[in-house]
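**Q** What follows is a structure written as structure tokens; I'll ask about it next.
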Amino acid sequence: MAASQIKLEGTTQTLLAVRDVQLECVLHRNAYAGKLAVIVLHPYSWLGGCMRDHVTTTLFRSFAETEVYNTVLMYNSRGVGKSSGRASVYGSQKEVEDLKALCQLLMSNLTHPPEKVLLVGYSHGSCVASGAACESYIAGVMAVSPPVGDFASTMLGTKQLWKTFCASSAPKFVALGTADTFCSVKALNKKVAMSQAHVDVKIYETADHFWLRQLENMRDNVLQWAINV
């Protein structure tokens, strides 16, 4: 389906062509609500991450249900689900460029398009979102459970993406649980301090990387922070 054919209101599931791939997307549109889009990004595909992950879908549905955003979108990155192409094993640069192209597609091809994009990345999705954080059309970046611990970021090759996140002048938010095994609270605080960037950090007691606890609390905080973007 061409982006221009997507309906102005309600939810559509479709394939959108960006760069050299077709990305499987779910969009919820309320085109007359404003000029801000929200894109929700899923965890690492090589470990089974996809847009149907329970955290990703919770965030997508919650943003869509507010009915205050022009467009809310979640998608399967390259090589996942019905999306074509092959996923990156290391570095995620192709996924970052796909995301940038997807943002441009929304802003240029939709009827009554958004003008800015808020990125909401969960786990590895936060790394991909971080890679686009310095683009002029990014209204803010929200990183939920970012795997920025030394071991995780080395294995994923995403250290440079965190640096891009910190270098962005856009508003930035991080949600992390005290029981997260991919990044400790101590490691996150150290990295934020070293970057000298302004980052709103919210820590959740007992929450792990998969948000088996505190999911609703985190979701509510994410929605509240986004209102002020």
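Residues in the structure tokens are numbered from 1 in each chain, the chains being A, B, ... in the order shown, and ligands are numbered from 1 in the order shown.
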When you look at Ser195 of chain A with a cut-off of 12 Å (counting only C-alpha atoms), what residues show up, excluding the ones that are within fewer than 5 positions of it in the same chain? I need them as a list of chain:residue names.
**A** A:Trp162, A:Lys163, A:Thr164, A:Phe165, A:Cys166, A:Ala167, A:Ser168, A:Leu188, A:Asn189, A:Lys190
**Q** If you count only C-alpha atoms, which residues fall within 9 Å of Leu118 of chain A, apart from same-chain ones fewer than 3 positions away, as an mmCIF file with all heavy atoms, in the first residue's frame?
**A**
data_model
loop_
_atom_site.group_PDB
_atom_site.id
_atom_site.type_symbol
_atom_site.label_atom_id
_atom_site.label_comp_id
_atom_site.auth_asym_id
_atom_site.auth_seq_id
_atom_site.Cartn_x
_atom_site.Cartn_y
_atom_site.Cartn_z
ATOM 1 N N LEU A 36 2.420 15.630 15.401
ATOM 2 C CA LEU A 36 3.466 14.778 15.965
ATOM 3 C C LEU A 36 3.150 13.305 15.736
ATOM 4 O O LEU A 36 2.044 12.849 16.004
ATOM 5 C CB LEU A 36 3.607 15.044 17.465
ATOM 6 C CG LEU A 36 4.716 14.271 18.201
ATOM 7 C CD1 LEU A 36 6.090 14.640 17.640
ATOM 8 C CD2 LEU A 36 4.655 14.548 19.692
ATOM 9 N N ALA A 37 4.142 12.578 15.234
ATOM 10 C CA ALA A 37 4.039 11.125 15.084
ATOM 11 C C ALA A 37 4.851 10.445 16.172
ATOM 12 O O ALA A 37 5.817 11.009 16.702
ATOM 13 C CB ALA A 37 4.551 10.693 13.713
ATOM 14 N N VAL A 38 4.462 9.229 16.504
ATOM 15 C CA VAL A 38 5.196 8.394 17.456
ATOM 16 C C VAL A 38 5.548 7.087 16.755
ATOM 17 O O VAL A 38 4.683 6.446 16.159
ATOM 18 C CB VAL A 38 4.361 8.089 18.716
ATOM 19 C CG1 VAL A 38 5.131 7.167 19.663
ATOM 20 C CG2 VAL A 38 3.953 9.376 19.423
ATOM 21 N N ILE A 39 6.824 6.699 16.819
ATOM 22 C CA ILE A 39 7.255 5.405 16.291
ATOM 23 C C ILE A 39 7.804 4.574 17.440
ATOM 24 O O ILE A 39 8.681 5.021 18.179
ATOM 25 C CB ILE A 39 8.325 5.554 15.193
ATOM 26 C CG1 ILE A 39 7.751 6.302 13.993
ATOM 27 C CG2 ILE A 39 8.836 4.177 14.754
ATOM 28 C CD1 ILE A 39 8.733 6.478 12.845
ATOM 29 N N VAL A 40 7.262 3.361 17.612
ATOM 30 C CA VAL A 40 7.676 2.447 18.669
ATOM 31 C C VAL A 40 8.516 1.335 18.049
ATOM 32 O O VAL A 40 8.098 0.706 17.067
ATOM 33 C CB VAL A 40 6.450 1.855 19.395
ATOM 34 C CG1 VAL A 40 6.904 0.967 20.553
ATOM 35 C CG2 VAL A 40 5.535 2.972 19.912
ATOM 36 N N TYR A 137 14.179 16.506 12.593
ATOM 37 C CA TYR A 137 12.738 16.278 12.733
ATOM 38 C C TYR A 137 12.387 15.437 13.963
ATOM 39 O O TYR A 137 11.220 15.140 14.197
ATOM 40 C CB TYR A 137 12.193 15.584 11.482
ATOM 41 C CG TYR A 137 13.008 14.382 11.040
ATOM 42 C CD1 TYR A 137 12.870 13.152 11.664
ATOM 43 C CD2 TYR A 137 13.926 14.498 9.996
ATOM 44 C CE1 TYR A 137 13.620 12.063 11.269
ATOM 45 C CE2 TYR A 137 14.686 13.414 9.593
ATOM 46 C CZ TYR A 137 14.531 12.199 10.230
ATOM 47 O OH TYR A 137 15.290 11.122 9.851
ATOM 48 N N ILE A 138 13.365 15.065 14.760
ATOM 49 C CA ILE A 138 13.111 14.255 15.945
ATOM 50 C C ILE A 138 12.695 15.160 17.102
ATOM 51 O O ILE A 138 13.447 16.035 17.533
ATOM 52 C CB ILE A 138 14.339 13.411 16.332
ATOM 53 C CG1 ILE A 138 14.667 12.430 15.203
ATOM 54 C CG2 ILE A 138 14.093 12.677 17.632
ATOM 55 C CD1 ILE A 138 13.552 11.468 14.848
ATOM 56 N N ALA A 139 11.495 14.931 17.620
ATOM 57 C CA ALA A 139 10.959 15.753 18.714
ATOM 58 C C ALA A 139 11.450 15.284 20.070
ATOM 59 O O ALA A 139 11.466 16.059 21.035
ATOM 60 C CB ALA A 139 9.434 15.714 18.680
ATOM 61 N N GLY A 140 11.835 14.029 20.184
ATOM 62 C CA GLY A 140 12.316 13.473 21.432
ATOM 63 C C GLY A 140 12.617 12.002 21.251
ATOM 64 O O GLY A 140 12.167 11.376 20.286
ATOM 65 N N VAL A 141 13.413 11.449 22.189
ATOM 66 C CA VAL A 141 13.765 10.028 22.125
ATOM 67 C C VAL A 141 13.569 9.422 23.509
ATOM 68 O O VAL A 141 14.079 9.941 24.507
ATOM 69 C CB VAL A 141 15.226 9.809 21.676
ATOM 70 C CG1 VAL A 141 15.513 8.317 21.541
ATOM 71 C CG2 VAL A 141 15.514 10.524 20.368
ATOM 72 N N MET A 142 12.836 8.323 23.560
ATOM 73 C CA MET A 142 12.573 7.618 24.808
ATOM 74 C C MET A 142 13.183 6.227 24.708
ATOM 75 O O MET A 142 12.875 5.462 23.785
ATOM 76 C CB MET A 142 11.067 7.529 25.060
ATOM 77 C CG MET A 142 10.356 8.860 24.926
ATOM 78 S SD MET A 142 8.619 8.799 25.391
ATOM 79 C CE MET A 142 8.772 8.750 27.172
ATOM 80 N N ALA A 226 5.833 12.147 27.485
ATOM 81 C CA ALA A 226 5.647 12.473 26.074
ATOM 82 C C ALA A 226 4.727 13.674 25.881
ATOM 83 O O ALA A 226 4.889 14.426 24.901
ATOM 84 C CB ALA A 226 5.093 11.265 25.329
ATOM 85 N N VAL A 229 6.563 16.932 25.390
ATOM 86 C CA VAL A 229 7.495 17.083 24.256
ATOM 87 C C VAL A 229 6.943 18.101 23.266
ATOM 88 O O VAL A 229 5.771 18.061 22.921
ATOM 89 C CB VAL A 229 7.729 15.732 23.573
ATOM 90 C CG1 VAL A 229 8.490 15.918 22.263
ATOM 91 C CG2 VAL A 229 8.501 14.806 24.508
#
**Q** Contacts of segment 78-88 of chain A at 10 Å or less, counting only C-alpha atoms, minus same-chain residues fewer than 6 places along, as a ChimeraX atom specification?
**A** /A:14-17,20-25,44-46,48-52,94-95,98,156
**Q** Produce a file of the selected residues containing N, CA and C atoms, as a CSV table (one decimal), in the first residue's frame.
**A**
chain,number,residue,atom,x,y,z
A,14,THR,N,0.1,-2.7,7.1
A,14,THR,CA,0.5,-2.7,5.7
A,14,THR,C,2.0,-2.9,5.6
A,15,LEU,N,2.5,-3.0,4.3
A,15,LEU,CA,3.9,-3.0,4.1
A,15,LEU,C,4.3,-1.6,3.5
A,16,LEU,N,5.3,-1.0,4.0
A,16,LEU,CA,5.8,0.3,3.5
A,16,LEU,C,7.2,0.1,2.9
A,17,ALA,N,7.4,0.7,1.7
A,17,ALA,CA,8.7,0.6,1.1
A,17,ALA,C,9.6,1.7,1.5
A,20,ASP,N,15.8,-0.2,0.5
A,20,ASP,CA,15.8,-1.5,-0.3
A,20,ASP,C,14.9,-2.5,0.3
A,21,VAL,N,14.0,-2.2,1.3
A,21,VAL,CA,13.2,-3.2,1.9
A,21,VAL,C,11.7,-2.7,2.0
A,22,GLN,N,10.9,-3.7,2.3
A,22,GLN,CA,9.5,-3.5,2.6
A,22,GLN,C,9.3,-3.8,4.1
A,23,LEU,N,8.8,-2.8,4.8
A,23,LEU,CA,8.7,-3.0,6.3
A,23,LEU,C,7.2,-3.2,6.7
A,24,GLU,N,7.0,-4.3,7.4
A,24,GLU,CA,5.6,-4.6,7.9
A,24,GLU,C,5.3,-3.6,9.0
A,25,CYS,N,4.2,-2.8,8.9
A,25,CYS,CA,3.9,-1.8,9.8
A,25,CYS,C,2.5,-1.9,10.3
A,44,TYR,N,15.8,-6.8,19.9
A,44,TYR,CA,16.7,-7.4,19.0
A,44,TYR,C,16.1,-8.6,18.3
A,45,SER,N,16.1,-8.5,17.0
A,45,SER,CA,15.5,-9.5,16.2
A,45,SER,C,16.1,-10.8,16.2
A,46,TRP,N,17.4,-10.9,16.4
A,46,TRP,CA,18.1,-12.2,16.4
A,46,TRP,C,17.8,-13.0,17.7
A,48,GLY,N,14.6,-13.0,18.8
A,48,GLY,CA,13.2,-13.1,18.7
A,48,GLY,C,12.4,-11.9,18.8
A,49,GLY,N,13.0,-10.7,18.9
A,49,GLY,CA,12.3,-9.5,19.0
A,49,GLY,C,11.5,-9.1,17.8
A,50,CYS,N,10.3,-8.7,18.0
A,50,CYS,CA,9.4,-8.2,16.9
A,50,CYS,C,8.4,-7.2,17.5
A,51,MET,N,7.6,-6.7,16.6
A,51,MET,CA,6.7,-5.6,17.0
A,51,MET,C,5.5,-6.2,17.9
A,52,ARG,N,5.4,-7.5,17.9
A,52,ARG,CA,4.3,-8.1,18.7
A,52,ARG,C,4.8,-8.4,20.1
A,94,LYS,N,22.1,-0.4,9.3
A,94,LYS,CA,21.0,-0.5,8.3
A,94,LYS,C,19.6,-0.2,8.9
A,95,GLU,N,19.4,-0.7,10.1
A,95,GLU,CA,18.2,-0.4,10.8
A,95,GLU,C,18.0,1.0,11.1
A,98,ASP,N,17.1,2.7,7.9
A,98,ASP,CA,15.7,2.4,7.6
A,98,ASP,C,14.7,3.2,8.4
A,156,LEU,N,26.6,-6.1,20.9
A,156,LEU,CA,25.7,-5.6,19.9
A,156,LEU,C,26.3,-4.6,19.0
**Q** Any idea what the distance is between atom CA of Phe182 of chain A and atom CA of Thr206 of chain A?
**A**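 Distance between the two atoms: 14.3 Å.
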**Q** Find the distance between atom CA of His28 of chain A and atom CA of Asp208 of chain A and write it in Å to one decimal.
**A**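 Interatomic distance, atom CA of His28 of chain A to atom CA of Asp208 of chain A: 28.8 Å.
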**Q** Of the candidates A:Val55, A:Val68, A:Ile203, A:Leu223, which shows the shortest atom-to-atom distance to Asp180 of chain A, using only C-alpha atoms?
**A**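 For Asp180 of chain A, the nearest of the candidates is A:Ile203.
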**Q** Suppose you want the space between atom CA of Ser92 of chain A and atom CA of Val199 of chain A; what is it in Å?
**A**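 Here the two named atoms are 22.7 Å from each other.
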**Q** Considering only C-alpha atoms, state which residue in the set A:Lys100, A:Arg29, A:Lys35, A:His42 is at the smallest distance from Thr71 of chain A.
**A**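 The answer is A:Arg29, which sits nearest to Thr71 of chain A.
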**Q** Taking the DSSP assignment computed from this structure's backbone, write out as a ChimeraX atom specification all residues of segment 7-213 of chain A that belong to strand (DSSP E).
**A** /A:9-18,21-30,36-41,71-75,116-122,138-144,172-177,200-204
**Q** Write out, as a CSV table (one decimal), in the first residue's frame, the residues just selected, with C-alpha atoms.
**A**
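Ended up saving to selection_8.csv:
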chain,number,residue,atom,x,y,z
A,9,GLU,CA,-8.3,7.7,11.1
A,10,GLY,CA,-8.1,4.3,12.6
A,11,THR,CA,-5.6,1.5,12.4
A,12,THR,CA,-4.0,0.0,9.3
A,13,GLN,CA,-1.6,-2.9,8.8
A,14,THR,CA,0.5,-2.7,5.7
A,15,LEU,CA,3.9,-3.0,4.1
A,16,LEU,CA,5.8,0.3,3.5
A,17,ALA,CA,8.7,0.6,1.1
A,18,VAL,CA,11.8,2.3,2.4
A,21,VAL,CA,13.2,-3.2,1.9
A,22,GLN,CA,9.5,-3.5,2.6
A,23,LEU,CA,8.7,-3.0,6.3
A,24,GLU,CA,5.6,-4.6,7.9
A,25,CYS,CA,3.9,-1.8,9.8
A,26,VAL,CA,0.9,-1.1,12.0
A,27,LEU,CA,-0.2,2.5,12.0
A,28,HIS,CA,-2.9,4.2,14.0
A,29,ARG,CA,-3.9,7.6,12.5
A,30,ASN,CA,-5.8,10.5,13.9
A,36,LEU,CA,3.5,14.8,16.0
A,37,ALA,CA,4.0,11.1,15.1
A,38,VAL,CA,5.2,8.4,17.5
A,39,ILE,CA,7.3,5.4,16.3
A,40,VAL,CA,7.7,2.4,18.7
A,41,LEU,CA,10.7,0.1,18.0
A,71,THR,CA,0.3,9.0,13.6
A,72,VAL,CA,1.4,6.1,15.9
A,73,LEU,CA,3.4,3.4,14.3
A,74,MET,CA,5.1,0.2,15.2
A,75,TYR,CA,6.9,-2.0,12.7
A,116,LYS,CA,7.9,15.8,13.9
A,117,VAL,CA,8.6,12.3,15.2
A,118,LEU,CA,8.9,11.1,18.8
A,119,LEU,CA,10.9,7.8,18.9
A,120,VAL,CA,10.1,5.2,21.6
A,121,GLY,CA,12.6,2.3,21.6
A,122,TYR,CA,12.4,-0.7,23.8
A,138,ILE,CA,13.1,14.3,15.9
A,139,ALA,CA,11.0,15.8,18.7
A,140,GLY,CA,12.3,13.5,21.4
A,141,VAL,CA,13.8,10.0,22.1
A,142,MET,CA,12.6,7.6,24.8
A,143,ALA,CA,14.8,4.6,25.7
A,144,VAL,CA,13.1,1.9,27.6
A,172,LYS,CA,15.6,12.4,26.1
A,173,PHE,CA,14.1,10.0,28.6
A,174,VAL,CA,15.3,6.6,29.9
A,175,ALA,CA,13.3,4.0,31.8
A,176,LEU,CA,15.3,1.3,33.5
A,177,GLY,CA,14.5,-1.4,36.1
A,200,ASP,CA,15.5,12.4,32.3
A,201,VAL,CA,16.0,9.0,34.0
A,202,LYS,CA,13.3,7.1,35.8
A,203,ILE,CA,14.3,4.0,37.8
A,204,TYR,CA,11.8,1.2,38.6
**Q** From the DSSP assignment of the backbone, select every residue of segment 10-63 of chain A that is helix (DSSP H, G or I), and format the answer as an MDAnalysis selection string.
**A** chainID A and resid 45:47 54:63
**Q** Restricted to N, CA, C and O atoms, what would the selected residues look like written as a PDB file, in the first residue's frame?
**A**
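Contents of the output file selection.pdb:
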ATOM      1  N   SER A  45      16.149  -8.465  16.972  1.00  0.00           N
ATOM      2  CA  SER A  45      15.479  -9.478  16.161  1.00  0.00           C
ATOM      3  C   SER A  45      16.140 -10.848  16.249  1.00  0.00           C
ATOM      4  O   SER A  45      15.448 -11.876  16.199  1.00  0.00           O
ATOM      5  N   TRP A  46      17.450 -10.895  16.399  1.00  0.00           N
ATOM      6  CA  TRP A  46      18.147 -12.187  16.437  1.00  0.00           C
ATOM      7  C   TRP A  46      17.839 -12.970  17.710  1.00  0.00           C
ATOM      8  O   TRP A  46      18.142 -14.166  17.801  1.00  0.00           O
ATOM      9  N   LEU A  47      17.234 -12.310  18.683  1.00  0.00           N
ATOM     10  CA  LEU A  47      16.786 -13.007  19.900  1.00  0.00           C
ATOM     11  C   LEU A  47      15.259 -13.099  19.946  1.00  0.00           C
ATOM     12  O   LEU A  47      14.673 -13.289  21.008  1.00  0.00           O
ATOM     13  N   HIS A  54       5.346  -7.936  23.970  1.00  0.00           N
ATOM     14  CA  HIS A  54       4.302  -7.403  24.851  1.00  0.00           C
ATOM     15  C   HIS A  54       4.581  -5.968  25.298  1.00  0.00           C
ATOM     16  O   HIS A  54       3.639  -5.179  25.466  1.00  0.00           O
ATOM     17  N   VAL A  55       5.844  -5.593  25.459  1.00  0.00           N
ATOM     18  CA  VAL A  55       6.150  -4.208  25.840  1.00  0.00           C
ATOM     19  C   VAL A  55       5.898  -3.273  24.669  1.00  0.00           C
ATOM     20  O   VAL A  55       5.296  -2.200  24.819  1.00  0.00           O
ATOM     21  N   THR A  56       6.351  -3.681  23.489  1.00  0.00           N
ATOM     22  CA  THR A  56       6.163  -2.863  22.290  1.00  0.00           C
ATOM     23  C   THR A  56       4.682  -2.628  22.017  1.00  0.00           C
ATOM     24  O   THR A  56       4.257  -1.495  21.761  1.00  0.00           O
ATOM     25  N   THR A  57       3.884  -3.686  22.071  1.00  0.00           N
ATOM     26  CA  THR A  57       2.460  -3.525  21.772  1.00  0.00           C
ATOM     27  C   THR A  57       1.742  -2.718  22.856  1.00  0.00           C
ATOM     28  O   THR A  57       0.830  -1.947  22.551  1.00  0.00           O
ATOM     29  N   THR A  58       2.164  -2.877  24.107  1.00  0.00           N
ATOM     30  CA  THR A  58       1.569  -2.076  25.180  1.00  0.00           C
ATOM     31  C   THR A  58       1.802  -0.591  24.939  1.00  0.00           C
ATOM     32  O   THR A  58       0.886   0.235  25.068  1.00  0.00           O
ATOM     33  N   LEU A  59       3.021  -0.235  24.569  1.00  0.00           N
ATOM     34  CA  LEU A  59       3.338   1.168  24.318  1.00  0.00           C
ATOM     35  C   LEU A  59       2.610   1.685  23.081  1.00  0.00           C
ATOM     36  O   LEU A  59       2.050   2.784  23.079  1.00  0.00           O
ATOM     37  N   PHE A  60       2.578   0.888  22.032  1.00  0.00           N
ATOM     38  CA  PHE A  60       1.875   1.301  20.815  1.00  0.00           C
ATOM     39  C   PHE A  60       0.399   1.557  21.094  1.00  0.00           C
ATOM     40  O   PHE A  60      -0.148   2.615  20.739  1.00  0.00           O
ATOM     41  N   ARG A  61      -0.258   0.604  21.718  1.00  0.00           N
ATOM     42  CA  ARG A  61      -1.695   0.746  21.987  1.00  0.00           C
ATOM     43  C   ARG A  61      -1.978   1.926  22.905  1.00  0.00           C
ATOM     44  O   ARG A  61      -2.961   2.654  22.720  1.00  0.00           O
ATOM     45  N   SER A  62      -1.105   2.127  23.879  1.00  0.00           N
ATOM     46  CA  SER A  62      -1.326   3.217  24.833  1.00  0.00           C
ATOM     47  C   SER A  62      -1.202   4.576  24.157  1.00  0.00           C
ATOM     48  O   SER A  62      -2.016   5.475  24.408  1.00  0.00           O
ATOM     49  N   PHE A  63      -0.212   4.742  23.309  1.00  0.00           N
ATOM     50  CA  PHE A  63      -0.085   5.993  22.561  1.00  0.00           C
ATOM     51  C   PHE A  63      -1.267   6.176  21.608  1.00  0.00           C
ATOM     52  O   PHE A  63      -1.817   7.272  21.477  1.00  0.00           O
TER      53      PHE A  63
END
**Q** In terms of the shortest atom-to-atom distance over only C-alpha atoms, which of A:Gln104, A:Ser126, A:Asn70, A:Thr178 is closest to Arg213 of chain A?
**A**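 Closest to Arg213 of chain A of all the choices is A:Thr178.
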**Q** Which of these, A:Ala64, A:Cys134, A:Leu161, A:Leu110, has the shortest distance to Gly91 of chain A once you count only C-alpha atoms?
**A**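 Looking at the shortest contact to Gly91 of chain A, the residue is A:Leu161.
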